[in-house]
Amino acid sequence: MDEFLLKMLSDLELNSKKRNVMKLKELGGQIAEKAYIRGERRLVSLIIVSYSMAKFLEKHYISKSGKWDKFYSRFGAFLQSAKEELREGDMDSFYSVIDSMVESIQELSELQGRFQSNIVDKARIKAGTQIYAHGASLSTAAAFANVDKGSLASYINVTKLPDKYGTLTVKDRLKMAESLFGM
């Protein structure tokens, strides 16, 4: 059983219930770091869930709408199912549940229709940004998050990412790469 992922699901549930947007965004960053360190691209879907929930909760016209209750009920059921799959050690089923959550998020985003771009696409950019912030190259971060490198670079360019995280030296990036690939 993956204790880290189980904790992330519990934190996702708790912070969604408490409507704690900042903690949900921080959670996305924690998952991004672990995804990059583990080399697990499939974890990006869980980052998307975390960031999307934060975004939905920021938008009162969504979280106070009639569609929200139905969505949130399904979200809770997905979380319980994902926890069960983790406890059973079935990672393929776990990721299938997480991917279903992302589809449900996409549906709600499209139903609300007020977003300039799809909330899942925005969350992918955020995921790529977090992966980049944790030491990945721009190309690697874009590949992990399944986003266009140019779109990711444009977003990173307008953020204060270097101020917030600092940058890794080439030596530190090399050490991280060596540890990832057992060199």
# chains A, B, ... in the order shown; residues from 1 in each chain; ligands from 1

call {"tool": "residues_around", "arguments": {"residues": "region 14-28 of chain A", "least_positions_apart": "5", "cutoff": "9 Å", "atoms": "only C-alpha atoms", "output": "JSON, numbers by chain"}}
result
{"A": [8, 9, 33, 44, 46, 47, 48, 49, 50, 51, 52, 53, 54, 55, 57, 58, 126, 127, 130]}

call {"tool": "residues_around", "arguments": {"residues": "Ile105 (chain A)", "least_positions_apart": "4", "cutoff": "9 Å", "atoms": "only C-alpha atoms", "output": "ChimeraX atom specification"}}
result
/A:49,52-53,71,75,100-101,109-110,119-120

call {"tool": "residues_around", "arguments": {"residues": "Asp92 (chain A)", "least_positions_apart": "5", "cutoff": "12 Å", "atoms": "only C-alpha atoms", "output": "number ranges by chain"}}
result
A: 42-43, 82, 85-86, 97-99

call {"tool": "select_by_dssp", "arguments": {"residues": "chain A", "states": "alpha helix (DSSP H)", "output": "VMD selection string"}}
result
chain A and resid 3 to 17 21 to 38 44 to 58 60 to 63 66 to 88 91 to 112 119 to 133 138 to 145 149 to 158 161 to 165 170 to 181

call {"tool": "atom_distance", "arguments": {"atom1": "CA of Thr129 (chain A)", "atom2": "CA of Ser154 (chain A)"}}
result
10.5 Å

call {"tool": "atom_distance", "arguments": {"atom1": "CA of Ser45 (chain A)", "atom2": "CA of Asp69 (chain A)"}}
result
22.1 Å

call {"tool": "residues_around", "arguments": {"residues": "Lys7 (chain A)", "least_positions_apart": "3", "cutoff": "12 Å", "atoms": "only C-alpha atoms", "output": "list in words"}}
result
Met1, Asp2, Glu3, Phe4, Ser10, Asp11, Leu12, Glu13, Leu14, Asn15, Leu27, Gln30, Ile31, Leu79, Ala82, Lys83, Leu86 and Arg87 of chain A

call {"tool": "residues_around", "arguments": {"residues": "Ala136 (chain A)", "least_positions_apart": "5", "cutoff": "9 Å", "atoms": "only C-alpha atoms", "output": "NGL selection string"}}
result
:A and (36 or 131 or 141 or 173 or 177)

call {"tool": "residues_around", "arguments": {"residues": "Asn157 (chain A)", "least_positions_apart": "6", "cutoff": "12 Å", "atoms": "only C-alpha atoms", "output": "NGL selection string"}}
result
:A and (129 or 132 or 138 or 149-151 or 163)

call {"tool": "write_last_selection", "arguments": {"atoms": "N, CA and C atoms", "output": "compact mmCIF listing (two decimals), in the first residue's frame"}}
result
# COMPACT_ATOMS: atom_id res chain seq x y z
N THR A 129 4.05 23.36 -14.11
CA THR A 129 4.79 24.42 -13.42
C THR A 129 5.40 23.90 -12.12
N TYR A 132 8.25 21.55 -12.89
CA TYR A 132 9.40 22.37 -13.28
C TYR A 132 10.05 22.99 -12.04
N LEU A 138 12.18 22.11 -18.66
CA LEU A 138 10.92 22.54 -19.25
C LEU A 138 10.32 21.42 -20.10
N LYS A 149 4.92 22.63 -24.64
CA LYS A 149 6.07 23.27 -24.00
C LYS A 149 5.99 24.79 -24.09
N GLY A 150 5.52 25.31 -25.20
CA GLY A 150 5.39 26.76 -25.37
C GLY A 150 4.38 27.36 -24.40
N SER A 151 3.25 26.67 -24.22
CA SER A 151 2.22 27.14 -23.28
C SER A 151 2.75 27.14 -21.85
N ASP A 163 11.31 33.55 -7.93
CA ASP A 163 11.33 34.21 -6.63
C ASP A 163 10.83 33.28 -5.53

call {"tool": "atom_distance", "arguments": {"atom1": "CA of Gly182 (chain A)", "atom2": "CA of Asn146 (chain A)"}}
result
25.1 Å

call {"tool": "closest_residue", "arguments": {"among": "A:Ile37, A:Ala133, A:Val102, A:Ala143", "to": "Ser179 (chain A)", "atoms": "only C-alpha atoms"}}
result
A:Ile37
